[in-house]
Structure formats: C-alpha cells, structure tokens
Amino acid sequence: MTITREVRPRLTGYAHGGGCACKIPPGELEAAVAGLTGQTGDHILVGLDDGDDAAAVRIRDDLAVLSTADFFTPVVDDAYDWGRIAAANALSDIYAMGGDPVVAINLVGWPRDVLPMELMTEVLRGGLDVGTAAGCPVIGGHSIDDPEPKYGMAVTGTAHPDRLIRNDAGQAGLPITLTKPIGVGLLNNRHKQTGDVFEAAIELMTTLNRDASSAALAAGVRAGTDVTGFGLLGHLHKLCRASEIGAVIERSAVPTVEGALDALRDGYVSGGTRRNLDWVRPHLESSPGVTDDDLLLLADAQTSGGLLLIGEVPGYPVIGETVVGQGISVR
C-alpha cells in the first residue's frame, strides 16, 4: 500500500491519549509503587526514592551510568514528527540529570493489521534523526503487535557523580529557571480534536534539552527536573517534596507557546492536565487574581518540555524562587 500525505491516517485517532498526557496519573502511580523497594548500595546514587528522571549508578569515582525509558502514544498525526518528539522526550531524561546520552534502543508497539508498516518506518526514521542530532547511536530495540501505536526509547547515558542534577538537591532561596515555554499540551489536544497543526509546538517538542543542560551545569546547578506529563506544577511539587523546600511561582513570568492561551480559552484542556491539578491542589496556594485557568495552564501536561532548574541559568527566564517551608504558592 502506497501512503500519500493526503490519505495518511490520523495517528492521534488511534490512541485514547496523546504524548505524555497518557501517563498514569501521578497519585495513582505513586500509590501503586509505594510498597516496592529497589536494591540499595553506595554505588546507587539515584534510585526509587524520589521518582527522579533517570537511575544513576556509580561505576567509577568519576563516572556514573544513567538509565531511563520513555514511550507514549501519538501526540501528532505526522509519523516522522511523532518519532522525533518521542526521541527528544526520551533523551531529555538524561539531559535533565546533567548527563550525556551514549546509546538508545527503540521501544515500539504497532497495530500491524490496522496501520501500514511504512508509517512505523517513518516513526523510526524520526527517532533515528534526533538520535543522530544528539550524537547518540540508536541501535535496535524491541517491538510488539499492539492495539495502540506506541513509540519511545530506552536511553543509557553518563555523568560525573559529583555533577548530577537531581530532584532532591534543591535549596531554599534560589531562583527557579524554566528553559522552554509551556502550553504544548493544550495545542496537542486541539490538534487531536481538530487536526490543526501547530508548528511552534512541534519545534519546541523536537528541540533537544542538550544546550539547556550544558548551560545549567556551567552555572553550577545541582537541582532540577524536566517538565513533561505531570505539568510544571506537578514536577515542581515532586522536586520540592524531595528537597523539603517550598516554591513561589510568578504566573506572569512563565512563558507560553504561541497559541496556547487561545486553546486554553477555547477549552482544549486534557484529562491528564485536570488530574495533574487535582493531585497538586492540596499543596497549592494561589493569590487573589490567579484563576483556575491560570492553574490549569501551569498544570498542562507537557510532552518533551523544558528543564525546570533551581538556580539562575543565563539566557533562560526566571519564573520564581524556592523558599523555606512546604508547598507551592502561585501569585
């Protein structure tokens, strides 16, 4: 079967969710894994305790190996772009830890009796091209016949053990930096429902967090995470909880991608975003004038979002500060 652009299936129509918005809700996930314990040892630098972006194991005094995996259902209809976005998203976990990706393998679920294999090839080509841009070989992988299309990567990276960026290393009294605008979840949901294409969102989601990670390390940042399916508020809450600090966010300082505010006004809020806000709300205080729509935007389920860093990083906006105490205040 020859696929032309005009007759290609809309990939987002073959999945119940899209991108990182299809994650299991954070509260449900934490409850499910609460009783599980991993192996311990001095060589395990980052384990299960705080749900960080990647595992980190020391293999030499000057070398730690990082390991992560990330995959999701289609976030856009274009197969090649979906592959690029999923690869950038998987690689981001390594960059978020202050590491460099070394090798990646593909993770694929494909409804082979429903969607042409040529489209799967396009997805893989997109992932390969982003791996090449990152200087990270993509070598093989694993595939299954699946009712819903899914794609992502397992990525191995390296970092210096003393220069890891962790979600439990935050300190009070420091600026909070965000390296990408938020709001792509709103645009992805609008795309899924209408077919409208938002090039600004695709550009953001396919941009590697490599340069931001390098800038953070150069600035001496030691605490941070990336912003993906749990939204800015969800990932900041996890970081604050792990670091035993609080945070203040200046809503007007948070950058948004072009078109996101229109999508918010028109009601394109995903179920994942609403669940994010429900999870964080008990730990949230908002000033007069901060609306529910403002909070939904801050909880917007991102895919391949930016880095959320504790410390000022030249070239990127400061959106708030860490404080002594608990919880998040939005003003």
# chains A, B, ... in the order shown; residues from 1 in each chain; ligands from 1
>>> residues_around(residues="Pro147 (chain A)", least_positions_apart="3", cutoff="12 Å", atoms="only C-alpha atoms", output="list in words")
Tyr14, Ala15, His16, Thr73, Val108, Gly109, Trp110, Pro111, Arg112, Asp113, Val114, Leu115, Ile144 and Lys150 of chain A
>>> write_last_selection(atoms="C-alpha atoms", output="mmCIF file, in the first residue's frame")
data_model
loop_
_atom_site.group_PDB
_atom_site.id
_atom_site.type_symbol
_atom_site.label_atom_id
_atom_site.label_comp_id
_atom_site.auth_asym_id
_atom_site.auth_seq_id
_atom_site.Cartn_x
_atom_site.Cartn_y
_atom_site.Cartn_z
ATOM 1 C CA TYR A 14 -5.718 5.511 17.120
ATOM 2 C CA ALA A 15 -4.954 6.223 20.780
ATOM 3 C CA HIS A 16 -7.072 7.180 23.791
ATOM 4 C CA THR A 73 1.019 7.100 22.117
ATOM 5 C CA VAL A 108 7.657 0.122 19.611
ATOM 6 C CA GLY A 109 4.062 -1.050 19.851
ATOM 7 C CA TRP A 110 2.288 -1.209 16.496
ATOM 8 C CA PRO A 111 -1.207 -2.309 15.356
ATOM 9 C CA ARG A 112 0.185 -4.131 12.329
ATOM 10 C CA ASP A 113 -3.242 -5.182 10.997
ATOM 11 C CA VAL A 114 -4.544 -1.600 11.176
ATOM 12 C CA LEU A 115 -1.719 0.793 10.311
ATOM 13 C CA ILE A 144 5.291 -5.819 19.777
ATOM 14 C CA LYS A 150 3.349 3.463 20.926
#
>>> residues_around(residues="region 134-140 of chain A", least_positions_apart="2", cutoff="9 Å", atoms="only C-alpha atoms", output="compact mmCIF listing (two decimals) with N, CA, C and O atoms, in the first residue's frame")
# COMPACT_ATOMS: atom_id res chain seq x y z
N ALA A 88 13.27 12.95 21.33
CA ALA A 88 13.73 14.11 22.10
C ALA A 88 13.26 14.01 23.55
O ALA A 88 13.98 14.36 24.49
N LEU A 91 15.39 11.30 25.40
CA LEU A 91 16.74 11.80 25.65
C LEU A 91 16.75 12.86 26.75
O LEU A 91 17.74 13.03 27.47
N ASP A 100 25.08 12.95 29.54
CA ASP A 100 25.20 12.88 28.09
C ASP A 100 24.71 11.51 27.64
O ASP A 100 25.16 10.48 28.17
N PRO A 101 23.79 11.45 26.66
CA PRO A 101 23.33 10.15 26.17
C PRO A 101 24.43 9.43 25.41
O PRO A 101 25.19 10.06 24.66
N VAL A 102 24.50 8.11 25.61
CA VAL A 102 25.54 7.30 24.98
C VAL A 102 24.96 6.37 23.93
O VAL A 102 25.51 6.20 22.84
N VAL A 103 23.82 5.74 24.24
CA VAL A 103 23.20 4.82 23.30
C VAL A 103 21.71 4.73 23.62
O VAL A 103 21.31 4.88 24.79
N ALA A 104 20.90 4.52 22.59
CA ALA A 104 19.46 4.37 22.77
C ALA A 104 18.98 3.16 21.98
O ALA A 104 19.58 2.79 20.95
N ILE A 105 17.89 2.54 22.47
CA ILE A 105 17.23 1.48 21.72
C ILE A 105 15.75 1.83 21.61
O ILE A 105 15.18 2.46 22.49
N ASN A 106 15.13 1.42 20.52
CA ASN A 106 13.73 1.74 20.25
C ASN A 106 12.78 0.83 21.02
O ASN A 106 13.06 -0.36 21.21
N GLY A 127 12.94 9.12 14.98
CA GLY A 127 13.74 8.87 16.17
C GLY A 127 15.22 8.77 15.86
O GLY A 127 16.07 9.29 16.60
N LEU A 128 15.54 8.12 14.75
CA LEU A 128 16.93 7.98 14.35
C LEU A 128 17.56 9.32 14.05
O LEU A 128 18.72 9.60 14.43
N ASP A 129 16.83 10.19 13.38
CA ASP A 129 17.37 11.51 13.03
C ASP A 129 17.65 12.35 14.28
O ASP A 129 18.65 13.07 14.34
N VAL A 130 16.77 12.28 15.28
CA VAL A 130 17.02 13.02 16.51
C VAL A 130 18.19 12.41 17.28
O VAL A 130 19.02 13.14 17.86
N GLY A 131 18.29 11.08 17.29
CA GLY A 131 19.44 10.45 17.92
C GLY A 131 20.74 10.89 17.26
O GLY A 131 21.74 11.17 17.94
N THR A 132 20.72 10.97 15.94
CA THR A 132 21.91 11.43 15.21
C THR A 132 22.25 12.87 15.60
O THR A 132 23.42 13.20 15.84
N HIS A 142 13.07 -3.12 20.53
CA HIS A 142 12.09 -4.19 20.71
C HIS A 142 10.73 -3.71 20.23
O HIS A 142 10.37 -2.54 20.44
N MET A 153 11.95 5.31 23.61
CA MET A 153 13.30 4.78 23.66
C MET A 153 13.70 4.46 25.10
O MET A 153 13.22 5.10 26.05
N VAL A 155 17.20 4.78 27.06
CA VAL A 155 18.44 5.52 26.80
C VAL A 155 19.42 5.31 27.95
O VAL A 155 19.03 5.36 29.13
N LEU A 208 16.10 19.54 21.42
CA LEU A 208 16.79 18.82 22.49
C LEU A 208 17.05 19.73 23.68
O LEU A 208 17.29 20.93 23.52
N ARG A 210 19.69 19.49 25.34
CA ARG A 210 21.15 19.37 25.49
C ARG A 210 21.79 20.71 25.86
O ARG A 210 22.57 20.79 26.81
>>> closest_residue(among="A:Glu28, A:Asp70, A:Asp81, A:Glu148", to="Thr207 (chain A)", atoms="only C-alpha atoms")
A:Asp81
>>> closest_residue(among="A:Arg274, A:Ser304, A:Asp294, A:Trp279", to="Glu30 (chain A)", atoms="only C-alpha atoms")
A:Trp279
>>> closest_residue(among="A:Asp292, A:Asp52, A:Asp168, A:Asp93", to="Cys240 (chain A)", atoms="only C-alpha atoms")
A:Asp168
>>> select_by_dssp(residues="region 158-261 of chain A", states="helix (DSSP H, G or I)", output="count of residues only")
49
>>> residues_around(residues="Ala219 (chain A)", least_positions_apart="2", cutoff="10 Å", atoms="only C-alpha atoms", output="NGL selection string")
:A and (213-217 or 221-222 or 311-314)
